[in-house]
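Report on the structure given below.
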Amino acid sequence: MATDWLGSIVSINCGESLGVYQGRVSAVDQVSQTISLTRPFHNGVKCLVPEVTFRAGDITELKILEIPGPGDSRQCGDLQQSEMGIPGVGCQVGPSQNGTGKVLKKPISSSAPQNIPRRTDMKNQDVIISPQQQCSKSYMDRHVETLTQSKGFRRRHNSWSSSSRHPNQVTPKKSGLKNGQMKSKDDECFGDDIDEIPDTDFDFEGNLALFDKAAVFEEIETYERRSGTRSRGTPNEKPARYRHDENILESEPIVYRRIVVPQNANKEFCTDSGLVVPSVSYELHKKLLSVAEKHGLTLERRLEMTGVCASQMALSLLGGPNRLNPKNVHQRPTVALLCGPHVKGAQGISCGRHLSNHDVHVILFLPNFVKMLESITNELNLFSKTQGQQVSSVKDLPDTPVDLVINCLDCHENAFLRDQPWYKAVVDWANQNRAPVLSIDPPINEMEQGIDAKWSLALGLPLPLGERAGRVYLCDIGIPQKVFQEVGINYHSPFGCKFVIPLHST
């Protein structure tokens, strides 16, 4: 019996220490209880020796991967690597006391039946089938007859029946007869009658035209209207889409005009959310600041608030977190701050102090005067404690373009300053420098603006600024709502969660 297994491809598991070997059986010695494999593979890698021998005591598990049939003419040594890639098929064999091994599990491959016949007993297509296999075969035949009653399933079943067989059904080995077994397989898979195949394709377009979508949607809408449920909408209606920050609950109508001034505004602006912000005259704006100062919003507080808001806007224009971070030390931005000897200049100095505290290189220009305002003196004293640079001559300003120019030269009063030589020289330098310009609280009259700005920052409420002011922004300087009401302005804050917002011309 041991010689019947010669030529079979087996897999031998020798435990964790020796691993798994695969190869073709070349010799089985019942006396010494050994088995030899030719051209073996160890753990999927081809061994360097042509043959290895195992003792029965070293074998923990033995699997038969393939049993050669009667027409198989391969020699014992012809083992290819592709034959080793069939794991988990065959029957498992464990070592017995006599070393020959015995069957532990039922076969799960069609090439290894339960009752293995001798080679001399297999002739052509003759196969021995056990009673259990005959029962399984008759069950499958009845199952096939049930499935073939459906005409649409016939072709699918033919392909299934040729590839997915019952585990106990025996498939005869090839015997070299091409007109025998191969022909029967072709007839089984491709033997459908050609007359049963329809000549015309299925008319998808014609069947789709039979579906009346308009009638179906109308029926659904009528049913939902009668039942009181929410309508899903007709094909002509688009469902409402909401942003992540919009409220989908029904609320009161939105009032976009929340700020009403006592006089007709010469110009109106609107925010990103659509709120209308009217402009006010310079006289009304001056009165508003005076009333706020009377109630405790002093000039020092206003300067500090203006400096913080202006510096936040400037930092955003300089690049924000993409530019100002520890990894970009070599890209330290440079800002040229042009200030005059007035309150507007004091606001610019406060902005420069905050910019310098945020590691921005600030160059402050301020002309020399015998006597300065107290607010300017206080702001200069704080600015001198930073790393900012103060110059009083145009020659000390940088020759190369800077990142940003902040203009605080102009004011609503003291028009005689624009005739001074230092003013004209600074204006010429700013116009020749190709850096963008940010103006803080610019004057109304465009003729009074010597430098064209790209952005302008208004305080509290905007003035009717012209085109030379560029894009207008509005900052909150902390004026209470009742102060607006005291000067006759019906005020509701348009800032929301921000202190600086952009304004758009209507």
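Residue numbers start at 1 in each chain; chains themselves are named A, B, ... in the order of the structure tokens; ligands are numbered from 1 in the order shown.
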- Exercise: Ile376 in chain A partners within 9 Å, only C-alpha atoms, chain neighbours under 5 positions left out, as a PyMOL selection string: chain A and resi 341-343+345-347+349+381
- Measuring atom to atom with only C-alpha atoms, identify which of A:Asn266, A:Arg332, A:Gly274, A:Ser17 is nearest to Ile254 in chain A.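 Using only C-alpha atoms, the shortest distance to Ile254 in chain A belongs to A:Gly274.
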- Message: Could you list, as JSON, numbers by chain, every residue within 10 Å of Gly15 in chain A, counting only C-alpha atoms and ignoring same-chain residues fewer than 2 positions away?
- Response: {"A": [12, 13, 17, 18, 19, 20, 58, 59, 60, 61]}
Give me a file of those residues, with all heavy atoms, as an mmCIF file, in the first residue's frame.
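Written output follows (again_24.cif):
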data_model
loop_
_atom_site.group_PDB
_atom_site.id
_atom_site.type_symbol
_atom_site.label_atom_id
_atom_site.label_comp_id
_atom_site.auth_asym_id
_atom_site.auth_seq_id
_atom_site.Cartn_x
_atom_site.Cartn_y
_atom_site.Cartn_z
ATOM 1 N N ILE A 12 4.024 18.430 4.624
ATOM 2 C CA ILE A 12 4.372 17.834 5.909
ATOM 3 C C ILE A 12 4.666 18.959 6.893
ATOM 4 O O ILE A 12 5.554 19.790 6.652
ATOM 5 C CB ILE A 12 5.580 16.890 5.787
ATOM 6 C CG1 ILE A 12 5.247 15.724 4.839
ATOM 7 C CG2 ILE A 12 5.996 16.367 7.151
ATOM 8 C CD1 ILE A 12 6.407 14.800 4.600
ATOM 9 N N ASN A 13 3.927 18.980 7.984
ATOM 10 C CA ASN A 13 4.142 19.963 9.053
ATOM 11 C C ASN A 13 4.935 19.295 10.165
ATOM 12 O O ASN A 13 4.473 18.344 10.797
ATOM 13 C CB ASN A 13 2.792 20.471 9.566
ATOM 14 C CG ASN A 13 2.951 21.619 10.550
ATOM 15 O OD1 ASN A 13 4.064 21.991 10.904
ATOM 16 N ND2 ASN A 13 1.830 22.153 11.005
ATOM 17 N N SER A 17 9.525 24.145 15.189
ATOM 18 C CA SER A 17 10.991 24.126 15.097
ATOM 19 C C SER A 17 11.466 23.840 13.677
ATOM 20 O O SER A 17 12.381 24.495 13.173
ATOM 21 C CB SER A 17 11.569 23.098 16.064
ATOM 22 O OG SER A 17 11.051 21.801 15.768
ATOM 23 N N LEU A 18 10.851 22.859 12.991
ATOM 24 C CA LEU A 18 11.294 22.469 11.649
ATOM 25 C C LEU A 18 10.492 23.145 10.547
ATOM 26 O O LEU A 18 10.987 23.315 9.434
ATOM 27 C CB LEU A 18 11.217 20.944 11.498
ATOM 28 C CG LEU A 18 12.115 20.146 12.450
ATOM 29 C CD1 LEU A 18 11.937 18.654 12.216
ATOM 30 C CD2 LEU A 18 13.578 20.541 12.268
ATOM 31 N N GLY A 19 9.234 23.501 10.797
ATOM 32 C CA GLY A 19 8.443 24.192 9.793
ATOM 33 C C GLY A 19 7.673 23.234 8.914
ATOM 34 O O GLY A 19 7.457 22.055 9.236
ATOM 35 N N VAL A 20 7.250 23.744 7.756
ATOM 36 C CA VAL A 20 6.405 22.998 6.812
ATOM 37 C C VAL A 20 7.207 22.736 5.552
ATOM 38 O O VAL A 20 7.846 23.646 4.997
ATOM 39 C CB VAL A 20 5.128 23.796 6.485
ATOM 40 C CG1 VAL A 20 4.264 23.008 5.506
ATOM 41 C CG2 VAL A 20 4.342 24.098 7.758
ATOM 42 N N ASP A 58 8.871 12.939 13.753
ATOM 43 C CA ASP A 58 9.007 14.382 13.522
ATOM 44 C C ASP A 58 7.783 14.982 12.852
ATOM 45 O O ASP A 58 7.639 16.205 12.799
ATOM 46 C CB ASP A 58 10.243 14.659 12.656
ATOM 47 C CG ASP A 58 11.522 14.226 13.344
ATOM 48 O OD1 ASP A 58 11.524 14.198 14.587
ATOM 49 O OD2 ASP A 58 12.509 13.922 12.638
ATOM 50 N N ILE A 59 6.899 14.141 12.326
ATOM 51 C CA ILE A 59 5.742 14.625 11.556
ATOM 52 C C ILE A 59 4.573 14.829 12.512
ATOM 53 O O ILE A 59 4.165 13.909 13.223
ATOM 54 C CB ILE A 59 5.376 13.631 10.435
ATOM 55 C CG1 ILE A 59 6.560 13.431 9.481
ATOM 56 C CG2 ILE A 59 4.139 14.111 9.687
ATOM 57 C CD1 ILE A 59 6.320 12.380 8.422
ATOM 58 N N THR A 60 4.056 16.076 12.534
ATOM 59 C CA THR A 60 2.857 16.376 13.332
ATOM 60 C C THR A 60 1.593 16.379 12.487
ATOM 61 O O THR A 60 0.503 16.138 13.003
ATOM 62 C CB THR A 60 3.004 17.747 14.014
ATOM 63 O OG1 THR A 60 3.183 18.746 13.006
ATOM 64 C CG2 THR A 60 4.200 17.763 14.947
ATOM 65 N N GLU A 61 1.709 16.670 11.200
ATOM 66 C CA GLU A 61 0.537 16.698 10.319
ATOM 67 C C GLU A 61 0.998 16.489 8.896
ATOM 68 O O GLU A 61 2.037 17.019 8.473
ATOM 69 C CB GLU A 61 -0.194 18.037 10.440
ATOM 70 C CG GLU A 61 -1.495 18.076 9.658
ATOM 71 C CD GLU A 61 -2.195 19.417 9.776
ATOM 72 O OE1 GLU A 61 -1.554 20.379 10.254
ATOM 73 O OE2 GLU A 61 -3.371 19.494 9.384
#
- Task: Compile the contact shell of Val280 in chain A as a list in words: residues with an atom at most 10 Å away, counting only C-alpha atoms, same-chain residues fewer than 6 positions apart removed.
- Result: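 Close residues of Val280 in chain A: Val261, Pro262, Gln263, Asn264, Ala265, Asn266, Lys267, Glu268, Lys286, Leu461, Pro462, Leu463, Pro464 and Ile489 of chain A.
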- Query: What lies within 12 Å of Lys395 in chain A using only C-alpha atoms, ignoring chain neighbours under 4 positions off, as a PyMOL selection string?
  - Reply: chain A and resi 365+391+399+422+425-426+428-429
